[in-house]
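Everything below belongs to upload13.txt, which stores compact mmCIF, C-alpha atoms and all ligand atoms.
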```txt
# COMPACT_ATOMS: atom_id res chain seq x y z
CA MET A 193 59.58 29.20 23.81
CA GLY A 194 62.11 30.81 21.42
CA THR A 195 62.52 29.75 17.81
CA ALA A 196 62.93 25.98 17.42
CA ARG A 197 64.84 24.79 14.35
CA VAL A 198 64.43 21.36 12.74
CA ARG A 199 66.74 20.41 9.88
CA VAL A 200 65.57 18.45 6.84
CA THR A 201 68.80 16.99 5.49
CA LEU A 202 68.65 15.98 1.85
CA SER A 203 70.99 14.44 -0.70
CA PRO A 204 74.44 16.05 -0.44
CA ARG A 205 74.74 15.92 -4.25
CA ARG A 206 72.60 19.04 -4.49
CA ASP A 207 72.40 21.53 -1.67
CA ARG A 208 68.69 21.42 -0.96
CA SER A 209 68.62 20.81 2.78
CA TYR A 210 66.47 23.27 4.70
CA ASP A 211 65.16 24.27 8.11
CA ILE A 212 61.72 24.23 9.64
CA LEU A 213 61.45 27.17 12.06
CA VAL A 214 58.71 26.97 14.67
CA ARG A 215 57.85 29.97 16.84
CA GLU A 216 54.69 31.41 18.30
CA GLY A 217 54.26 34.84 16.70
CA LEU A 218 56.54 34.10 13.73
CA LEU A 219 53.98 35.47 11.23
CA ASP A 220 54.48 38.95 12.65
CA GLY A 221 58.10 39.18 11.61
CA LEU A 222 58.59 36.75 8.75
CA ALA A 223 61.32 38.70 7.03
CA ASP A 224 63.46 38.84 10.15
CA ALA A 225 62.95 35.20 10.96
CA THR A 226 65.17 33.99 8.20
CA GLY A 227 67.78 34.92 5.67
CA LEU A 228 65.87 32.87 3.10
CA LEU A 229 64.64 35.87 1.15
CA GLU A 230 67.84 37.91 1.25
CA ASP A 231 68.48 37.63 -2.52
CA ALA A 232 64.87 37.83 -3.71
CA THR A 233 63.90 41.11 -5.33
CA SER A 234 60.27 40.05 -5.58
CA VAL A 235 58.17 37.69 -3.48
CA PHE A 236 54.65 36.49 -4.27
CA ILE A 237 52.39 35.37 -1.43
CA VAL A 238 50.14 32.67 -2.86
CA THR A 239 47.17 32.02 -0.61
CA ASP A 240 43.52 30.96 -0.60
CA SER A 241 40.56 33.30 -0.22
CA ASN A 242 39.98 32.52 3.51
CA VAL A 243 43.59 32.84 4.61
CA ALA A 244 44.06 35.95 2.44
CA ARG A 245 41.37 37.72 4.48
CA ILE A 246 42.93 36.85 7.85
CA TYR A 247 46.71 36.85 7.30
CA ALA A 248 47.74 38.28 3.90
CA PRO A 249 47.98 41.99 4.91
CA GLN A 250 50.23 41.23 7.88
CA VAL A 251 52.46 38.84 5.90
CA LYS A 252 52.72 41.27 2.98
CA GLU A 253 53.71 44.09 5.30
CA GLY A 254 56.28 41.87 7.01
CA LEU A 255 57.92 40.91 3.72
CA SER A 256 58.00 44.27 1.88
CA ARG A 257 61.15 46.34 2.24
CA PRO A 258 63.21 48.74 0.10
CA GLY A 259 64.56 46.77 -2.87
CA ARG A 260 61.99 43.99 -2.60
CA THR A 261 58.36 43.95 -3.71
CA ALA A 262 55.71 41.69 -2.18
CA GLU A 263 52.45 40.92 -3.99
CA VAL A 264 49.53 38.75 -2.94
CA VAL A 265 48.01 36.25 -5.39
CA VAL A 266 44.74 34.69 -4.24
CA PHE A 267 42.86 31.57 -5.40
CA PRO A 268 39.44 30.34 -4.19
CA SER A 269 39.74 28.10 -1.09
CA GLY A 270 38.95 24.39 -1.04
CA GLU A 271 40.23 21.05 -2.34
CA ALA A 272 37.97 21.40 -5.41
CA ASN A 273 40.30 24.19 -6.59
CA LYS A 274 43.54 22.18 -6.25
CA ASN A 275 43.53 21.55 -9.98
CA ILE A 276 45.25 22.37 -13.25
CA GLU A 277 42.95 25.36 -13.94
CA THR A 278 43.99 27.06 -10.68
CA ALA A 279 47.67 26.21 -11.27
CA TRP A 280 47.43 27.72 -14.75
CA SER A 281 45.68 30.83 -13.49
CA LEU A 282 48.32 31.29 -10.75
CA ALA A 283 51.16 30.93 -13.27
CA SER A 284 49.42 33.41 -15.53
CA SER A 285 48.99 35.95 -12.67
CA LEU A 286 52.65 35.53 -11.69
CA SER A 287 53.73 36.14 -15.24
CA GLY A 288 51.48 39.21 -15.49
CA LEU A 289 52.98 40.60 -12.28
CA GLY A 290 56.51 40.18 -13.65
CA ALA A 291 57.71 37.17 -11.63
CA ASP A 292 61.08 35.92 -12.86
CA ARG A 293 63.55 33.17 -12.03
CA SER A 294 64.82 35.01 -8.96
CA SER A 295 61.32 35.49 -7.51
CA VAL A 296 60.30 33.45 -4.49
CA LEU A 297 56.76 32.18 -3.85
CA ILE A 298 55.37 32.09 -0.31
CA ALA A 299 52.83 29.29 0.17
CA LEU A 300 50.59 30.79 2.86
CA GLY A 301 47.79 28.51 4.02
CA GLY A 302 46.87 24.86 4.45
CA GLY A 303 47.87 21.82 2.44
CA VAL A 304 45.94 23.00 -0.60
CA ALA A 305 47.91 26.28 -0.80
CA GLY A 306 51.15 24.39 -0.09
CA ASP A 307 50.63 21.67 -2.71
CA LEU A 308 49.45 24.13 -5.38
CA THR A 309 52.17 26.72 -4.75
CA GLY A 310 54.88 24.05 -4.62
CA PHE A 311 53.61 22.62 -7.89
CA VAL A 312 53.54 25.99 -9.63
CA ALA A 313 57.01 26.83 -8.22
CA SER A 314 58.36 23.55 -9.60
CA VAL A 315 57.28 24.28 -13.18
CA PHE A 316 57.15 28.10 -13.46
CA LYS A 317 60.09 29.11 -15.69
CA ARG A 318 61.37 25.55 -15.17
CA GLY A 319 61.44 25.89 -11.40
CA ILE A 320 61.75 28.71 -8.87
CA GLY A 321 62.12 28.77 -5.07
CA TYR A 322 59.27 28.74 -2.57
CA VAL A 323 58.83 28.93 1.17
CA GLN A 324 56.11 27.10 3.08
CA VAL A 325 54.17 29.14 5.65
CA PRO A 326 51.60 26.59 6.88
CA THR A 327 48.50 27.84 8.71
CA THR A 328 46.53 24.60 9.30
CA LEU A 329 47.64 21.97 11.79
CA LEU A 330 47.71 19.38 9.01
CA ALA A 331 50.04 21.57 6.96
CA GLN A 332 52.25 22.42 9.96
CA VAL A 333 52.90 18.80 10.94
CA ASP A 334 52.67 17.10 7.57
CA SER A 335 52.10 18.62 4.13
CA SER A 336 54.56 21.55 4.36
CA ILE A 337 57.48 19.17 5.03
CA GLY A 338 59.01 16.86 2.46
CA GLY A 339 58.59 18.55 -0.91
CA LYS A 340 55.67 16.56 -2.33
CA THR A 341 53.65 18.94 -4.50
CA GLY A 342 50.58 18.16 -6.51
CA ILE A 343 47.19 18.85 -7.97
CA ASP A 344 44.10 16.68 -8.30
CA ALA A 345 43.04 15.24 -11.66
CA PRO A 346 39.63 14.03 -12.85
CA TRP A 347 40.90 10.44 -12.35
CA GLY A 348 42.11 10.91 -8.76
CA LYS A 349 43.59 13.05 -5.98
CA ASN A 350 47.22 14.19 -6.23
CA GLN A 351 47.64 12.35 -9.54
CA VAL A 352 49.82 15.06 -11.10
CA GLY A 353 52.74 16.39 -9.09
CA THR A 354 56.44 16.72 -8.48
CA PHE A 355 59.03 16.48 -5.74
CA HIS A 356 60.20 20.08 -5.24
CA GLN A 357 61.67 20.89 -1.83
CA PRO A 358 60.95 24.32 -0.30
CA LEU A 359 63.71 26.76 0.68
CA GLY A 360 62.36 26.54 4.21
CA VAL A 361 59.25 26.11 6.34
CA LEU A 362 58.11 28.89 8.69
CA THR A 363 55.57 27.69 11.23
CA ASP A 364 53.59 29.86 13.61
CA PRO A 365 51.42 27.78 15.97
CA LEU A 366 49.43 30.93 16.87
CA ALA A 367 47.93 30.86 13.35
CA LEU A 368 45.89 27.89 14.56
CA ASN A 369 43.88 30.19 16.86
CA THR A 370 41.61 31.04 13.92
CA LEU A 371 41.37 27.49 12.55
CA PRO A 372 37.92 25.79 12.70
CA ARG A 373 37.57 22.82 15.04
CA ALA A 374 37.06 20.23 12.28
CA GLU A 375 40.33 21.34 10.63
CA MET A 376 42.18 21.03 13.96
CA LEU A 377 41.01 17.42 14.24
CA ASN A 378 42.14 16.66 10.68
CA GLY A 379 45.64 17.75 11.68
CA PHE A 380 45.49 16.01 15.05
CA ALA A 381 45.02 12.69 13.23
CA GLU A 382 48.44 13.23 11.61
CA VAL A 383 50.01 14.14 14.97
CA VAL A 384 48.69 10.90 16.48
CA LYS A 385 49.88 8.96 13.43
CA CYS A 386 53.43 10.34 13.87
CA SER A 387 53.43 9.24 17.50
CA ILE A 388 52.30 5.69 16.71
CA VAL A 389 54.87 5.47 13.91
CA ALA A 390 57.85 6.70 15.88
CA ASP A 391 57.44 7.85 19.48
CA ARG A 392 55.55 6.14 22.28
CA LYS A 393 56.10 8.99 24.75
CA MET A 394 54.58 11.42 22.24
CA PHE A 395 51.56 9.09 22.02
CA GLU A 396 51.09 9.47 25.79
CA GLU A 397 51.36 13.28 25.41
CA ALA A 398 48.86 13.30 22.53
CA SER A 399 46.46 11.12 24.54
CA ALA A 400 46.62 13.68 27.34
CA THR A 401 45.43 16.56 25.10
CA ALA A 402 42.25 17.83 26.75
CA ASP A 403 40.40 19.01 23.63
CA PRO A 404 42.40 18.57 20.41
CA GLY A 405 39.64 20.26 18.41
CA ALA A 406 40.40 23.46 20.33
CA ALA A 407 44.19 23.53 20.76
CA ILE A 408 47.29 21.37 20.99
CA SER A 409 50.68 22.14 22.50
CA THR A 410 53.48 23.69 20.46
CA GLU A 411 55.71 20.85 21.76
CA LEU A 412 53.49 18.28 20.02
CA ILE A 413 53.66 20.24 16.76
CA LEU A 414 57.44 20.36 17.04
CA HIS A 415 57.65 16.67 17.86
CA ALA A 416 55.62 15.77 14.77
CA CYS A 417 57.79 18.05 12.58
CA LYS A 418 60.93 16.31 13.87
CA ILE A 419 59.56 12.87 13.08
CA LYS A 420 58.52 13.82 9.56
CA ALA A 421 61.82 15.64 8.93
CA GLU A 422 63.84 12.65 10.07
CA ILE A 423 61.92 10.19 7.90
CA VAL A 424 62.05 12.45 4.82
CA SER A 425 65.79 12.96 5.38
CA LYS A 426 66.30 9.19 5.25
CA ASP A 427 64.03 8.47 2.28
CA GLU A 428 63.21 11.63 0.33
CA GLU A 429 61.39 9.99 -2.59
CA GLU A 430 59.56 7.26 -0.69
CA THR A 431 61.45 4.22 -1.89
CA ASN A 432 60.65 2.40 1.37
CA LEU A 433 60.84 3.98 4.86
CA ARG A 434 58.75 7.08 4.01
CA ALA A 435 55.83 4.69 3.40
CA VAL A 436 55.44 4.41 7.21
CA LEU A 437 53.91 7.90 7.13
CA ASN A 438 50.98 6.33 5.28
CA PHE A 439 50.00 4.33 8.37
CA GLY A 440 46.20 4.47 8.63
CA HIS A 441 45.88 6.03 5.19
CA THR A 442 45.27 2.95 2.99
CA VAL A 443 41.99 2.20 4.75
CA GLY A 444 41.57 5.91 5.64
CA HIS A 445 41.75 7.15 2.05
CA ALA A 446 39.46 4.33 0.87
CA LEU A 447 36.84 5.38 3.49
CA GLU A 448 37.22 9.04 2.56
CA SER A 449 36.83 8.45 -1.18
CA ALA A 450 34.05 5.87 -0.80
CA SER A 451 32.04 8.33 1.32
CA ASN A 452 32.47 10.97 -1.40
CA TYR A 453 34.27 13.06 1.24
CA ARG A 454 31.20 13.11 3.54
CA LEU A 455 33.43 11.73 6.31
CA SER A 456 36.21 14.07 7.46
CA HIS A 457 39.86 13.32 6.63
CA GLY A 458 40.74 13.14 10.34
CA SER A 459 37.98 10.72 11.18
CA CYS A 460 38.90 8.48 8.24
CA VAL A 461 42.54 8.43 9.37
CA PHE A 462 41.48 7.59 12.96
CA LEU A 463 39.34 4.73 11.57
CA GLY A 464 42.14 3.73 9.19
CA MET A 465 44.65 3.50 12.05
CA LEU A 466 42.21 1.29 13.98
CA ALA A 467 41.60 -1.01 11.00
CA GLU A 468 45.30 -1.25 10.15
CA GLY A 469 46.13 -1.78 13.86
CA TRP A 470 43.61 -4.63 13.89
CA ILE A 471 45.21 -6.12 10.76
CA ALA A 472 48.64 -5.92 12.43
CA SER A 473 47.23 -7.73 15.45
CA ARG A 474 45.55 -10.39 13.25
CA LEU A 475 48.87 -10.97 11.44
CA GLY A 476 50.62 -11.45 14.79
CA ILE A 477 52.65 -8.24 14.41
CA LEU A 478 50.96 -6.13 17.14
CA ASP A 479 49.93 -7.25 20.64
CA ARG A 480 46.22 -7.32 21.49
CA GLY A 481 46.92 -5.01 24.49
CA GLU A 482 48.44 -2.38 22.16
CA LEU A 483 45.37 -2.54 19.91
CA GLU A 484 43.17 -1.97 22.96
CA ARG A 485 45.23 1.14 23.81
CA LEU A 486 44.59 2.43 20.28
CA GLU A 487 40.87 1.67 20.56
CA GLY A 488 40.53 3.50 23.88
CA PHE A 489 42.06 6.65 22.43
CA LEU A 490 40.93 6.65 18.77
CA VAL A 491 37.31 5.44 18.81
CA PRO A 492 36.00 8.54 20.68
CA LEU A 493 37.75 10.77 18.11
CA THR A 494 35.83 9.40 15.11
CA ASP A 495 32.81 11.17 13.55
CA SER A 496 29.32 9.84 14.04
CA LEU A 497 28.80 7.20 11.32
CA GLU A 498 25.11 7.78 10.78
CA GLY A 499 23.95 7.98 7.17
CA PRO A 500 24.94 5.78 4.22
CA GLU A 501 26.80 2.53 5.04
CA PRO A 502 30.46 3.55 5.43
CA PHE A 503 31.89 0.01 5.35
CA ASP A 504 30.77 -1.25 1.91
CA LYS A 505 33.42 -3.95 1.31
CA PRO A 506 33.53 -4.25 -2.51
CA ARG A 507 33.56 -0.45 -2.89
CA LEU A 508 36.31 0.04 -0.27
CA LEU A 509 38.36 -2.79 -1.76
CA ARG A 510 38.29 -1.07 -5.16
CA PHE A 511 39.58 2.16 -3.60
CA ALA A 512 42.25 0.35 -1.55
CA LEU A 513 43.52 -1.44 -4.66
CA ALA A 514 43.81 1.91 -6.43
CA ASP A 515 46.00 3.19 -3.53
CA LYS A 516 49.51 4.22 -4.49
CA LYS A 517 51.16 1.67 -2.17
CA SER A 518 49.30 -1.27 -3.71
CA ALA A 519 51.03 -2.92 -6.64
CA ALA A 520 49.01 -4.94 -9.19
CA SER A 521 46.20 -6.67 -7.29
CA THR A 522 47.86 -6.77 -3.85
CA ILE A 523 46.97 -4.33 -1.08
CA ARG A 524 50.06 -3.12 0.79
CA MET A 525 50.17 -1.12 3.98
CA SER A 526 52.57 -0.05 6.70
CA LEU A 527 51.75 -1.71 10.01
CA PRO A 528 52.84 -1.00 13.61
CA ALA A 529 54.90 -3.53 15.59
CA ARG A 530 53.98 -1.59 18.74
CA ILE A 531 52.98 1.98 19.59
CA GLY A 532 56.07 3.99 18.60
CA LYS A 533 57.60 1.51 16.13
CA MET A 534 56.67 0.26 12.68
CA HIS A 535 57.12 -3.30 11.46
CA ALA A 536 59.62 -4.20 8.72
CA THR A 537 59.75 -7.57 6.94
CA GLU A 538 62.91 -9.71 7.07
CA ASP A 539 64.16 -8.05 3.90
CA GLY A 540 63.55 -4.61 5.41
CA SER A 541 60.35 -3.62 3.57
CA TYR A 542 57.77 -1.40 5.27
CA ARG A 543 55.08 -2.23 2.71
CA ILE A 544 53.32 -5.31 4.05
CA PRO A 545 51.04 -7.30 1.71
CA VAL A 546 47.52 -7.80 3.10
CA ASP A 547 45.09 -10.27 1.52
CA LYS A 548 41.57 -9.21 0.54
CA GLU A 549 39.87 -11.41 3.14
CA THR A 550 41.86 -9.78 5.98
CA PHE A 551 41.13 -6.33 4.55
CA GLY A 552 37.38 -7.18 4.47
CA ALA A 553 37.52 -8.57 8.04
CA SER A 554 39.09 -5.30 9.26
CA LEU A 555 35.94 -3.50 8.06
CA ASP A 556 33.79 -5.89 10.14
CA TYR A 557 36.04 -5.00 13.08
CA LEU A 558 35.51 -1.28 12.44
CA ARG A 559 31.75 -1.79 12.39
CA ARG A 560 31.89 -3.66 15.74
CA VAL A 561 34.20 -1.24 17.47
CA THR A 562 32.34 1.90 16.36
CA THR A 563 28.87 0.64 17.36
CA ARG A 564 29.87 -0.56 20.83
CA GLY A 565 27.86 0.79 23.82
N1 LIG B 1 52.25 17.38 0.14
C1 LIG B 1 52.06 16.52 1.11
O1 LIG B 1 52.98 15.84 1.57
C2 LIG B 1 50.68 16.39 1.69
C3 LIG B 1 50.48 15.63 2.85
C4 LIG B 1 49.20 15.58 3.40
C5 LIG B 1 48.15 16.26 2.80
N2 LIG B 1 48.37 16.98 1.66
C6 LIG B 1 47.29 17.72 1.01
O2 LIG B 1 46.87 18.73 1.91
C7 LIG B 1 45.52 19.09 1.57
C8 LIG B 1 44.72 19.27 2.83
O3 LIG B 1 45.29 20.32 3.57
P1 LIG B 1 44.44 21.09 4.69
O4 LIG B 1 43.73 20.11 5.53
O5 LIG B 1 45.37 22.05 5.31
O6 LIG B 1 43.29 21.81 3.83
P2 LIG B 1 43.13 23.31 3.25
O7 LIG B 1 44.38 23.86 2.76
O8 LIG B 1 41.97 23.25 2.32
O9 LIG B 1 42.70 24.13 4.54
C9 LIG B 1 41.50 23.80 5.22
C10 LIG B 1 40.61 25.04 5.41
O10 LIG B 1 41.16 25.85 6.43
C11 LIG B 1 41.25 27.21 5.98
N3 LIG B 1 42.37 27.79 6.72
C12 LIG B 1 43.69 27.56 6.54
N4 LIG B 1 44.40 28.14 7.52
C13 LIG B 1 43.51 28.78 8.32
C14 LIG B 1 43.62 29.53 9.52
N5 LIG B 1 44.81 29.69 10.15
N6 LIG B 1 42.50 30.05 10.05
C15 LIG B 1 41.29 29.84 9.48
N7 LIG B 1 41.11 29.10 8.38
C16 LIG B 1 42.21 28.57 7.81
C17 LIG B 1 41.42 27.09 4.49
O11 LIG B 1 41.03 28.27 3.84
C18 LIG B 1 40.50 25.92 4.18
O12 LIG B 1 39.17 26.38 4.10
C19 LIG B 1 45.00 18.01 0.66
O13 LIG B 1 44.92 18.52 -0.65
C20 LIG B 1 46.06 16.92 0.72
O14 LIG B 1 46.17 16.18 -0.46
C21 LIG B 1 49.62 17.06 1.11
```

Starting from the file, lay out its structure as structure tokens.
Amino acid sequence: MGTARVRVTLSPRRDRSYDILVREGLLDGLADATGLLEDATSVFIVTDSNVARIYAPQVKEGLSRPGRTAEVVVFPSGEANKNIETAWSLASSLSGLGADRSSVLIALGGGVAGDLTGFVASVFKRGIGYVQVPTTLLAQVDSSIGGKTGIDAPWGKNQVGTFHQPLGVLTDPLALNTLPRAEMLNGFAEVVKCSIVADRKMFEEASATADPGAAISTELILHACKIKAEIVSKDEEETNLRAVLNFGHTVGHALESASNYRLSHGSCVFLGMLAEGWIASRLGILDRGELERLEGFLVPLTDSLEGPEPFDKPRLLRFALADKKSAASTIRMSLPARIGKMHATEDGSYRIPVDKETFGASLDYLRRVTTRG
């Protein structure tokens, strides 16, 4: 496959539209892949300690040329470091290395590197350009696209952030060859979500993946990028439609937080899609047969639920009510009408109110479906 190009088209008032380029082997020749860095006299590759070891030398070499310097700035890997201290330390390193308003940051890594680098780029000298170079599956199909940046705060995840669109996204599926299995599954959950939200045929393709913890096809990655790009192009700042990308995440995030992150993100999203599918079926939005299709595919993908009770209703309800889609004391979620299409209310809203009793009953359903046979 040659280079595939997906356009993210944003408000014509400011020229911020950009391309996602997807090509196996792209990391080897980043500078040639795009004219994005033509005017930059200095680029700074911001990456975490794991990715720095594997990919930074090759990316640095690819980006250096006469008239342009390339430096690597490393932070310790892990979600625990996606915070204000790391952002401050990155800004301080950039300043020390002489970064200026014409410098471009390269976010090399997973969602943590992307969110942190995007955040720093949005505030450093009141905003400079950055390019996303995602190396986890989750980042390739989800977090690198759409311009949401952020850091975690003591009172919650992603509670401080900005919308700051990248200059472009450069995706090399071969980077996934070094990604651990658990991280592949975290990203696969987002691929499956995209298919349920927007493309039934893609759902069939995803279901046919032999071992998603090991590898998935470049076509599926591209498909997911197209879906996210199209939705972001229609609703950049999540006033309504973009909320469909949260399918499975209201219950999923509640499970993840309530387990103190003992359960993996992917598994929580698989469980969340099941619970929210069940709610859609209970509300008469989704056919029972469609829910059974979801069950057949998703249940085997969830982690073993041994250990502390994962479905503690009062605790999960508290987390769901704190979710960003829930206003006041009402839980809201995006629900599927069928596999490949999301439900909208008569007035066109994709945020469907769900009462607490139905939310609680969906947890009973999860318990039943995950302890079967
Ligand atoms: N901005 C958005 O729209 C958006 C959307 C979804 C998620 N997110 C954020 O993304 C983050 C999660 O991202 P993630 O799952 O990519 O986690 P991550 O960035 O922590 O990466 C997971 C692990 O994989 C390692 N890694 C990365 N690439 C590798 C490679 N090619 N080979 C070997 N190891 C590699 C990393 O060092 C890390 O240890 C969360 O902070 C979440 O809030 C943001």

Quiz item: Excluding same-chain residues fewer than 5 positions from Arg524 in chain A, what lies within 12 Å of it counting all atoms listed in the file, as a PyMOL selection string?
Solution: chain A and resi 432+435-436+438-443+468+471+509+512-519+541-548+550-551

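Comparing the minimum interatomic distances between ligand LIG 1 (chain B) and each of A:Asn350, A:Ser295, A:Ser526, A:Ser234, counting all atoms listed in the file, we find that A:Asn350 sits nearest.
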
Practice problem: Please identify every polymer residue within 7 Å of ligand LIG 1 (chain B), using only C-alpha atoms and all ligand atoms, and present the set as a PyMOL selection string. | Solution: chain A and resi 240-243+269-271+274+301-305+307+327-331+334-342+349-350+367-372+375+378-379

Quiz item: Which residues, written as a PyMOL selection string, have at least one atom at most 12 Å from Met193 in chain A, with all atoms listed in the file counted and residues fewer than 3 positions away on the same chain left out?
Solution: chain A and resi 196-197+214-218+364-365+409-411+414

Quiz item: Between CA of Leu508 in chain A and CA of Asp495 in chain A, what is the spacing in Å?
Solution: 18.1 Å

Quiz item: Of the candidates A:Leu308, A:Val333, A:Glu428, A:Gly458, which one gets nearest to Ala374 in chain A if we count all atoms listed in the file?
Solution: A:Gly458

Exercise. Select, from A:Gly532, A:Pro258, A:Gly194, A:Gly348, the residue with the minimum atom-to-atom distance to Leu486 in chain A, counting all atoms listed in the file.
Key: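 Nearest candidate to Leu486 in chain A out of A:Gly532, A:Pro258, A:Gly194, A:Gly348: A:Gly532.
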
Quiz prompt | Selected residue of minimal separation from Ala279 in chain A among A:Gly310, A:Gly405, A:Gly259, A:Gly476, counting only C-alpha atoms | solution =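 Ranked by minimum distance to Ala279 in chain A, first place goes to A:Gly310.
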
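The shortest atom-to-atom distance to Cys417 in chain A, with only C-alpha atoms taken into account, belongs to A:Val198 out of A:Met465, A:Val198, A:Val296, A:Leu219.
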
The centre and edge lengths of an axis-aligned box containing all atoms of range 293-297 of chain A present in the file, extended by 4 Å on each side, are to be given in Å to one decimal, as AutoDock Vina command-line options.
```
--center_x 60.8 --center_y 33.8 --center_z -7.9 --size_x 16.1 --size_y 11.3 --size_z 16.2
```

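Take CA of Asp292 in chain A and CA of Ala313 in chain A: the distance between them is 11.0 Å.
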
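Ranking A:Gln332, A:Asn275, A:Ser287, A:Ser425 by their shortest atom-to-atom distance to Phe236 in chain A, with all atoms listed in the file included, puts A:Ser287 first.
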
Practice problem: Quote the spacing between CA of Asn273 in chain A and CA of Pro404 in chain A in Å to one decimal place. | Solution: 27.7 Å

Practice problem: Quick one: everything within 10 Å of Ser496 in chain A, counting only C-alpha atoms, minus sequence neighbours fewer than 3 positions away in the same chain. Send it as an NGL selection string. | Solution: :A and (455 or 459 or 492-493 or 499 or 562-563)

Give as a compact mmCIF listing (two decimals) with C-alpha atoms, in the coordinates of the input each residue that has an atom at most 12 Å from (65.6, 34.5, 2.6) in the file, counting only C-alpha atoms.
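out34.txt written:
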```txt
# COMPACT_ATOMS: atom_id res chain seq x y z
CA TYR A 210 66.47 23.27 4.70
CA ASP A 211 65.16 24.27 8.11
CA LEU A 222 58.59 36.75 8.75
CA ALA A 223 61.32 38.70 7.03
CA ASP A 224 63.46 38.84 10.15
CA ALA A 225 62.95 35.20 10.96
CA THR A 226 65.17 33.99 8.20
CA GLY A 227 67.78 34.92 5.67
CA LEU A 228 65.87 32.87 3.10
CA LEU A 229 64.64 35.87 1.15
CA GLU A 230 67.84 37.91 1.25
CA ASP A 231 68.48 37.63 -2.52
CA ALA A 232 64.87 37.83 -3.71
CA THR A 233 63.90 41.11 -5.33
CA SER A 234 60.27 40.05 -5.58
CA VAL A 235 58.17 37.69 -3.48
CA LEU A 255 57.92 40.91 3.72
CA ARG A 260 61.99 43.99 -2.60
CA SER A 294 64.82 35.01 -8.96
CA SER A 295 61.32 35.49 -7.51
CA VAL A 296 60.30 33.45 -4.49
CA LEU A 297 56.76 32.18 -3.85
CA ILE A 298 55.37 32.09 -0.31
CA GLY A 321 62.12 28.77 -5.07
CA TYR A 322 59.27 28.74 -2.57
CA VAL A 323 58.83 28.93 1.17
CA PRO A 358 60.95 24.32 -0.30
CA LEU A 359 63.71 26.76 0.68
CA GLY A 360 62.36 26.54 4.21
CA VAL A 361 59.25 26.11 6.34
CA LEU A 362 58.11 28.89 8.69
```

Regenerate range 199-210 of chain A at the level of N, CA and C atoms and dump it as an mmCIF file, in the frame of the given file.
```cif
data_model
loop_
_atom_site.group_PDB
_atom_site.id
_atom_site.type_symbol
_atom_site.label_atom_id
_atom_site.label_comp_id
_atom_site.auth_asym_id
_atom_site.auth_seq_id
_atom_site.Cartn_x
_atom_site.Cartn_y
_atom_site.Cartn_z
ATOM 1 N N ARG A 199 66.071 20.491 11.168
ATOM 2 C CA ARG A 199 66.740 20.410 9.880
ATOM 3 C C ARG A 199 66.177 19.257 9.042
ATOM 4 N N VAL A 200 65.886 19.532 7.779
ATOM 5 C CA VAL A 200 65.570 18.450 6.840
ATOM 6 C C VAL A 200 66.809 18.286 5.973
ATOM 7 N N THR A 201 67.506 17.175 6.160
ATOM 8 C CA THR A 201 68.800 16.990 5.490
ATOM 9 C C THR A 201 68.593 16.135 4.251
ATOM 10 N N LEU A 202 68.904 16.715 3.098
ATOM 11 C CA LEU A 202 68.650 15.980 1.850
ATOM 12 C C LEU A 202 69.957 15.655 1.139
ATOM 13 N N SER A 203 69.835 14.936 0.047
ATOM 14 C CA SER A 203 70.990 14.440 -0.700
ATOM 15 C C SER A 203 72.116 15.474 -0.798
ATOM 16 N N PRO A 204 73.329 15.098 -0.387
ATOM 17 C CA PRO A 204 74.440 16.050 -0.440
ATOM 18 C C PRO A 204 74.850 16.403 -1.875
ATOM 19 N N ARG A 205 74.342 15.641 -2.861
ATOM 20 C CA ARG A 205 74.740 15.920 -4.250
ATOM 21 C C ARG A 205 74.272 17.303 -4.689
ATOM 22 N N ARG A 206 73.075 17.685 -4.208
ATOM 23 C CA ARG A 206 72.600 19.040 -4.490
ATOM 24 C C ARG A 206 72.275 19.658 -3.141
ATOM 25 N N ASP A 207 72.583 20.934 -2.991
ATOM 26 C CA ASP A 207 72.400 21.530 -1.670
ATOM 27 C C ASP A 207 70.956 21.981 -1.494
ATOM 28 N N ARG A 208 70.092 21.066 -1.087
ATOM 29 C CA ARG A 208 68.690 21.420 -0.960
ATOM 30 C C ARG A 208 68.164 21.224 0.453
ATOM 31 N N SER A 209 69.072 20.982 1.396
ATOM 32 C CA SER A 209 68.620 20.810 2.780
ATOM 33 C C SER A 209 68.021 22.123 3.276
ATOM 34 N N TYR A 210 67.118 22.041 4.225
ATOM 35 C CA TYR A 210 66.470 23.270 4.700
ATOM 36 C C TYR A 210 66.009 23.124 6.133
#
```
